[in-house]
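A quick write-up on the structure given underneath.
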Amino acid sequence: MKKPLILLVSLVLMLAVSAAGCIDVGQPASNRTITDMTGAEVVIPAEIHTVVNLWPASNSVMLCMGAGDKLVGTTAFTKKLFWSQKVYPGIVDVPVATDNVEELLTLSPDLIITPQQKTAETLRAAGLPAICLMFSDYDTMKQAFTILGQAFGGEYIEKAAKWSDLVDQNTARVQAAVGSIPEDKKPVVYYIQGQSNQGLYATFSANSIMEDWTEVSGGIFASTLLNLSGTTASAEDVLALNPDVVIIGGPAQHELYEELMAAEEWKGINAVKNGRVYTNPNGLFPWERFGMESALQILFAASVIHPDLFQVDMVSEVQDFYKEFVGIELTKEEAQNMIKGYGPKGEDYT
Amino acid sequence: MRSDIAGKISGRAASSAKYRMIMVCLVILLIGIFFLSLTVGRYSIPFFDSIAILLARVFPIEPAWTQTMEAVIFNLRLPRTIAAVLIGGGLALSGAAYQSMFKNPLVSPDLLGVSSGACIGASLAILYSMGPVIIQIWAFIGGIIAVSITVAVPRLMHNSSTLMLVLSGVIVGGLMSSIMGVIKYTADADTALAEMVYWAMGSLADVKMIDLYYIAPCILAAGFVLLLFRYRLNVLSLGEEEAKTLGVDVRNVRRIIIVCATLLTASAVCLAGTIGWVGLVIPHLGRMLVGPDNRKLLPAAVILGAVFMVMIDITARCLTSAELPLSIITGLIGAPFYFYLLIRQRASIT
């Protein structure tokens, strides 16, 4: 009875040892180190050819920089945006990536980008080149885009620098027109988040990029007044503020616009009475969030919050932006469609 | 367990006159709290104005208030309050019925898995980016399907005792939780997952009058039928054999009670997400007031549940500027309250 048992145990041990050998990941041709947004030093290949990007906002940045062909793993949100399909038609063939370690090991990309620190750490522990590129306002975006530029090298470094400059320039342009408005004359701006239709009271928290561009454009952000730290506002609180301007962003913006204009309780609110409910442009990413087009958001916001003080030819700004960063020419019609929140051919998301 | 234990736990039964007085007081309390809910909120409306707004629907009064105030009362607060009454009454009623049917005061309306099933239905709808109406419909269907499975298992086992039903509920509930885990895992952490979690925690913020047109008849009909069966519930609690000799068709009565209670709970969940503790604590409170006789207990439970739920809703929307989810408040209030009730009763529990 003992002999078969010993045989069995030694067989199991041999299997275990050889299986351990399978986990040995060939180290990437490690040529350089970059520091990600959490301060972690990550070793990545000298040249990046394949990227798995787990964050929709970051995906749009890659497409906007013209680096879409590097993507081997993307997100479902990115794939469904009409502008993604226009800028990089190959996006429909890129599979949706998950943070499943074994799947990523099979894919073996040169770089993995994730917004979550924990995911990045888990993946790095498995030997994958993962960086955490979390950004939430203009300053952290400048940092993150610079890191991305460094990772891709070459022309991308310049593009990242140009973008940072563009944000500064646009901020200065807008501030020149609206910077000296006294606090009590600034309109209250209420923002509705429409990534999906979650009702009229889905907004963003007080310390966010939405607060940034609202304040740069001479407005007061509603969530700041409400001291909101979450993303849902109480209906009665919002109505009590009597917002002067309402901006609705995201793919569900047109549906939400109809809902707002039809709602009884909004009919008496300043924004509705004075016809100051606007939908936000929606391109490779909703402009008001964390894509590269947020540089243009500063101009758009000022033009709707203070139309009498700041006018801009949004169409030509969009065309210039896309020519410079994405590298494609947009017709006037396509630019207008983007500004109105539609796809390049006027497609609606809802 | 037999009804004498239920009697011991809740003390003496109330006499007819005392019962009538209690019911009258409860109804007055409900009406009072209903109007309180309409006049109270974070959008401040002067008290006399709110009374005038309500009266203006019946008598011709010159509007001395803004249209927004009127809309806040009729479009925001009224649907919520009506929903709270229906949901609180419905959950308490089905809780009381189940506690009587299963002869166990620790039973809640979720026993057969209707809440878990509804959660799955709603989460699937959220996963596929459906609108609010579809979410409600799928939640309802999910709840019904879950209970159907629970009820089918005893039939397969050819054992239709209540114990088998309870075990089946536990199994199905566990299965639903695992499926829920899979759905949450597949969901996009930034948008869909947050929406699912928030939905599951319960909120009356998005209830509109039109939702009530569809769901109120269901709740009212199911509740009415359940109330008609009060006497038979009493007989059922004597035990199966005794019930049969008294001419009660045990299997059919059980079926009808399960169907009605499931409809009540599924409607409540699809309107407002999962709300715990109401179906567990309120029947207990009712038993303390009027005794375990279902003919008296069930109506009392309905009114008590309605009052409780309206108070919870007022707390949820007035306490902070972000709306607190309902199940958090019912839990924070319900659990200690239950503890308090048990302490008051400790002399009577053997």
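Chain labels A, B, ... are given in the sequence in which chains occur in the structure tokens; within each chain residues are numbered consecutively from 1, and ligands are likewise numbered from 1 in the order shown.
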Proximity check chain A to chain B, 6 Å, nearest pairs one decimal Å, only C-alpha atoms, as JSON lines:
{"residue": "A:Ala233", "atom": "CA", "partner": "B:Ala322", "partner_atom": "CA", "distance": 5.5}
{"residue": "A:Ser234", "atom": "CA", "partner": "B:Ala322", "partner_atom": "CA", "distance": 5.5}
{"residue": "A:Glu236", "atom": "CA", "partner": "B:Tyr43", "partner_atom": "CA", "distance": 4.8}
{"residue": "A:Asp237", "atom": "CA", "partner": "B:Arg42", "partner_atom": "CA", "distance": 5.8}
{"residue": "A:Ala240", "atom": "CA", "partner": "B:Tyr43", "partner_atom": "CA", "distance": 5.2}
{"residue": "A:Glu264", "atom": "CA", "partner": "B:Ala71", "partner_atom": "CA", "distance": 5.7}
{"residue": "A:Glu265", "atom": "CA", "partner": "B:Ala71", "partner_atom": "CA", "distance": 4.5}
{"residue": "A:Gly268", "atom": "CA", "partner": "B:Thr68", "partner_atom": "CA", "distance": 5.2}
Store the residues picked out above, limited to N, CA and C atoms, as a PDB file, in the first residue's frame.
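Once written, selection-v8.pdb looks like this:
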ATOM      1  N   ALA A 233     -27.428  64.338  -7.643  1.00  0.00           N
ATOM      2  CA  ALA A 233     -27.901  65.489  -6.875  1.00  0.00           C
ATOM      3  C   ALA A 233     -29.352  65.281  -6.495  1.00  0.00           C
ATOM      4  N   SER A 234     -29.757  65.932  -5.414  1.00  0.00           N
ATOM      5  CA  SER A 234     -31.153  65.846  -5.016  1.00  0.00           C
ATOM      6  C   SER A 234     -31.952  66.801  -5.895  1.00  0.00           C
ATOM      7  N   GLU A 236     -34.698  68.465  -5.528  1.00  0.00           N
ATOM      8  CA  GLU A 236     -35.186  69.718  -4.962  1.00  0.00           C
ATOM      9  C   GLU A 236     -34.042  70.702  -4.732  1.00  0.00           C
ATOM     10  N   ASP A 237     -32.868  70.182  -4.357  1.00  0.00           N
ATOM     11  CA  ASP A 237     -31.718  71.063  -4.179  1.00  0.00           C
ATOM     12  C   ASP A 237     -31.374  71.782  -5.473  1.00  0.00           C
ATOM     13  N   ALA A 240     -33.873  74.358  -6.303  1.00  0.00           N
ATOM     14  CA  ALA A 240     -33.778  75.513  -5.409  1.00  0.00           C
ATOM     15  C   ALA A 240     -32.664  76.459  -5.845  1.00  0.00           C
ATOM     16  N   GLU A 264     -42.286  69.247 -16.011  1.00  0.00           N
ATOM     17  CA  GLU A 264     -43.077  70.348 -15.439  1.00  0.00           C
ATOM     18  C   GLU A 264     -42.258  71.180 -14.474  1.00  0.00           C
ATOM     19  N   GLU A 265     -41.487  70.478 -13.624  1.00  0.00           N
ATOM     20  CA  GLU A 265     -40.820  71.213 -12.552  1.00  0.00           C
ATOM     21  C   GLU A 265     -39.678  72.076 -13.053  1.00  0.00           C
ATOM     22  N   GLY A 268     -40.250  76.500 -14.854  1.00  0.00           N
ATOM     23  CA  GLY A 268     -40.106  77.813 -14.260  1.00  0.00           C
ATOM     24  C   GLY A 268     -38.670  78.199 -13.945  1.00  0.00           C
TER      25      GLY A 268
END
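For Ile248 (chain A), the list of residues within 6 Å, based on only C-alpha atoms and with local chain neighbours fewer than 5 positions off taken out, reads Tyr191, Ile192, Gln253, Thr279 and Asn280 of chain A.
Interatomic distance, CA of Ile157 (chain A) against CA of Ala46 (chain A): 14.4 Å.
The neighbours of Leu296 (chain A) here are the residues that come within 9 Å of it, using only C-alpha atoms and leaving out any residue fewer than 2 positions away in the same chain; they are Leu166, Val167, Asn170, Trp287, Met292, Glu293, Ser294, Ile298, Leu299, Phe300, Ala301, Met314, Glu317, Val318 and Phe321 of chain A.
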Please, could you write that set of residues out with N, CA and C atoms as a PDB file, in the first residue's frame?
ATOM      1  N   LEU A 166      -1.924  74.210 -25.745  1.00  0.00           N
ATOM      2  CA  LEU A 166      -3.245  74.604 -26.240  1.00  0.00           C
ATOM      3  C   LEU A 166      -4.190  74.890 -25.079  1.00  0.00           C
ATOM      4  N   VAL A 167      -4.132  74.019 -24.052  1.00  0.00           N
ATOM      5  CA  VAL A 167      -4.997  74.244 -22.897  1.00  0.00           C
ATOM      6  C   VAL A 167      -4.685  75.595 -22.271  1.00  0.00           C
ATOM      7  N   ASN A 170      -5.942  78.465 -24.610  1.00  0.00           N
ATOM      8  CA  ASN A 170      -7.400  78.630 -24.590  1.00  0.00           C
ATOM      9  C   ASN A 170      -7.864  79.215 -23.269  1.00  0.00           C
ATOM     10  N   TRP A 287     -16.680  65.970 -24.824  1.00  0.00           N
ATOM     11  CA  TRP A 287     -15.691  67.027 -24.631  1.00  0.00           C
ATOM     12  C   TRP A 287     -15.545  67.439 -23.172  1.00  0.00           C
ATOM     13  N   MET A 292      -9.012  64.299 -25.041  1.00  0.00           N
ATOM     14  CA  MET A 292      -8.153  65.403 -25.460  1.00  0.00           C
ATOM     15  C   MET A 292      -8.959  66.605 -25.913  1.00  0.00           C
ATOM     16  N   GLU A 293     -10.183  66.360 -26.401  1.00  0.00           N
ATOM     17  CA  GLU A 293     -10.977  67.507 -26.854  1.00  0.00           C
ATOM     18  C   GLU A 293     -11.385  68.428 -25.713  1.00  0.00           C
ATOM     19  N   SER A 294     -11.050  68.058 -24.493  1.00  0.00           N
ATOM     20  CA  SER A 294     -11.381  68.946 -23.380  1.00  0.00           C
ATOM     21  C   SER A 294     -10.646  70.276 -23.495  1.00  0.00           C
ATOM     22  N   ILE A 298     -13.037  74.300 -23.139  1.00  0.00           N
ATOM     23  CA  ILE A 298     -12.907  75.609 -22.482  1.00  0.00           C
ATOM     24  C   ILE A 298     -13.528  76.688 -23.366  1.00  0.00           C
ATOM     25  N   LEU A 299     -13.243  76.599 -24.670  1.00  0.00           N
ATOM     26  CA  LEU A 299     -13.788  77.606 -25.589  1.00  0.00           C
ATOM     27  C   LEU A 299     -15.300  77.461 -25.703  1.00  0.00           C
ATOM     28  N   PHE A 300     -15.755  76.207 -25.855  1.00  0.00           N
ATOM     29  CA  PHE A 300     -17.193  75.987 -26.018  1.00  0.00           C
ATOM     30  C   PHE A 300     -17.951  76.481 -24.800  1.00  0.00           C
ATOM     31  N   ALA A 301     -17.457  76.117 -23.617  1.00  0.00           N
ATOM     32  CA  ALA A 301     -18.166  76.496 -22.394  1.00  0.00           C
ATOM     33  C   ALA A 301     -18.294  78.006 -22.289  1.00  0.00           C
ATOM     34  N   MET A 314     -16.421  77.883 -33.534  1.00  0.00           N
ATOM     35  CA  MET A 314     -16.163  76.555 -33.025  1.00  0.00           C
ATOM     36  C   MET A 314     -15.808  75.591 -34.149  1.00  0.00           C
ATOM     37  N   GLU A 317     -12.221  75.922 -35.105  1.00  0.00           N
ATOM     38  CA  GLU A 317     -11.368  75.434 -34.010  1.00  0.00           C
ATOM     39  C   GLU A 317     -11.296  73.910 -34.047  1.00  0.00           C
ATOM     40  N   VAL A 318     -12.457  73.264 -34.259  1.00  0.00           N
ATOM     41  CA  VAL A 318     -12.482  71.806 -34.314  1.00  0.00           C
ATOM     42  C   VAL A 318     -11.653  71.302 -35.483  1.00  0.00           C
ATOM     43  N   PHE A 321      -8.006  71.637 -34.755  1.00  0.00           N
ATOM     44  CA  PHE A 321      -7.595  70.671 -33.727  1.00  0.00           C
ATOM     45  C   PHE A 321      -7.403  69.292 -34.347  1.00  0.00           C
TER      46      PHE A 321
END
Do you know which residues are at most 12 Å from Pro344 (chain A) counting only C-alpha atoms, after dropping those on the same chain fewer than 6 positions away, and could you put them as a PDB file with C-alpha atoms, in the first residue's frame?
ATOM      1  CA  LEU A  81     -18.565  55.777 -30.590  1.00  0.00           C
ATOM      2  CA  PHE A  82     -19.142  56.837 -34.211  1.00  0.00           C
ATOM      3  CA  TRP A  83     -16.157  59.153 -34.119  1.00  0.00           C
ATOM      4  CA  SER A  84     -13.850  56.328 -33.022  1.00  0.00           C
ATOM      5  CA  GLN A  85     -14.982  54.419 -36.074  1.00  0.00           C
ATOM      6  CA  LYS A  86     -14.327  57.402 -38.333  1.00  0.00           C
ATOM      7  CA  VAL A  87     -10.888  58.263 -36.986  1.00  0.00           C
ATOM      8  CA  PRO A 281     -20.171  68.501 -28.189  1.00  0.00           C
ATOM      9  CA  ASN A 282     -19.351  64.828 -28.299  1.00  0.00           C
ATOM     10  CA  GLY A 283     -16.468  63.650 -30.457  1.00  0.00           C
ATOM     11  CA  LEU A 284     -13.890  60.965 -29.782  1.00  0.00           C
ATOM     12  CA  GLU A 329      -9.468  66.804 -42.359  1.00  0.00           C
ATOM     13  CA  LEU A 330     -13.033  67.362 -41.228  1.00  0.00           C
ATOM     14  CA  THR A 331     -15.647  68.962 -43.429  1.00  0.00           C
ATOM     15  CA  LYS A 332     -17.704  71.822 -42.026  1.00  0.00           C
ATOM     16  CA  GLU A 333     -20.704  69.524 -41.792  1.00  0.00           C
ATOM     17  CA  GLU A 334     -18.836  66.878 -39.845  1.00  0.00           C
ATOM     18  CA  ALA A 335     -17.506  69.489 -37.426  1.00  0.00           C
ATOM     19  CA  GLN A 336     -21.000  70.904 -36.944  1.00  0.00           C
ATOM     20  CA  ASN A 337     -22.351  67.430 -36.261  1.00  0.00           C
ATOM     21  CA  MET A 338     -19.747  66.893 -33.580  1.00  0.00           C
TER      22      MET A 338
END
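The list of residues with at least one atom within 8 Å of Val302 (chain B), based on only C-alpha atoms and without residues fewer than 6 positions apart in the same chain, reads Gly88, Gly89, Gly90, Ala92 and Leu93 of chain B.
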Fill in: Test item: residues at most 12 Å from Ser203 (chain B), only C-alpha atoms, excluding those fewer than 5 positions along its chain, as a PyMOL selection string
(chain A and resi 232+234) or (chain B and resi 80+83-84+87+195+197-198+268-275+309+312-317+322-330)
Item to complete: Using DSSP on the backbone coordinates, identify all residues within region 165-230 of chain A classified as strand (DSSP E); present the result as number ranges by chain.
Response: A: 188-193, 220-221
Residues of the last selection are to be written out with N, CA and C atoms, as an mmCIF file, in the first residue's frame.
data_model
loop_
_atom_site.group_PDB
_atom_site.id
_atom_site.type_symbol
_atom_site.label_atom_id
_atom_site.label_comp_id
_atom_site.auth_asym_id
_atom_site.auth_seq_id
_atom_site.Cartn_x
_atom_site.Cartn_y
_atom_site.Cartn_z
ATOM 1 N N VAL A 188 -25.130 80.533 -12.601
ATOM 2 C CA VAL A 188 -25.026 79.196 -12.025
ATOM 3 C C VAL A 188 -25.195 78.179 -13.153
ATOM 4 N N VAL A 189 -24.203 77.304 -13.285
ATOM 5 C CA VAL A 189 -24.227 76.335 -14.381
ATOM 6 C C VAL A 189 -24.460 74.937 -13.812
ATOM 7 N N TYR A 190 -25.505 74.269 -14.304
ATOM 8 C CA TYR A 190 -25.790 72.911 -13.844
ATOM 9 C C TYR A 190 -25.468 71.935 -14.973
ATOM 10 N N TYR A 191 -24.696 70.906 -14.626
ATOM 11 C CA TYR A 191 -24.259 69.953 -15.647
ATOM 12 C C TYR A 191 -24.954 68.615 -15.442
ATOM 13 N N ILE A 192 -25.498 68.063 -16.525
ATOM 14 C CA ILE A 192 -26.122 66.741 -16.459
ATOM 15 C C ILE A 192 -25.236 65.749 -17.196
ATOM 16 N N GLN A 193 -24.885 64.677 -16.493
ATOM 17 C CA GLN A 193 -24.000 63.673 -17.060
ATOM 18 C C GLN A 193 -24.809 62.650 -17.823
ATOM 19 N N ILE A 220 -20.465 79.557 -12.214
ATOM 20 C CA ILE A 220 -20.369 78.897 -10.918
ATOM 21 C C ILE A 220 -20.953 77.500 -11.082
ATOM 22 N N PHE A 221 -20.197 76.492 -10.704
ATOM 23 C CA PHE A 221 -20.622 75.112 -10.909
ATOM 24 C C PHE A 221 -21.626 74.730 -9.831
#
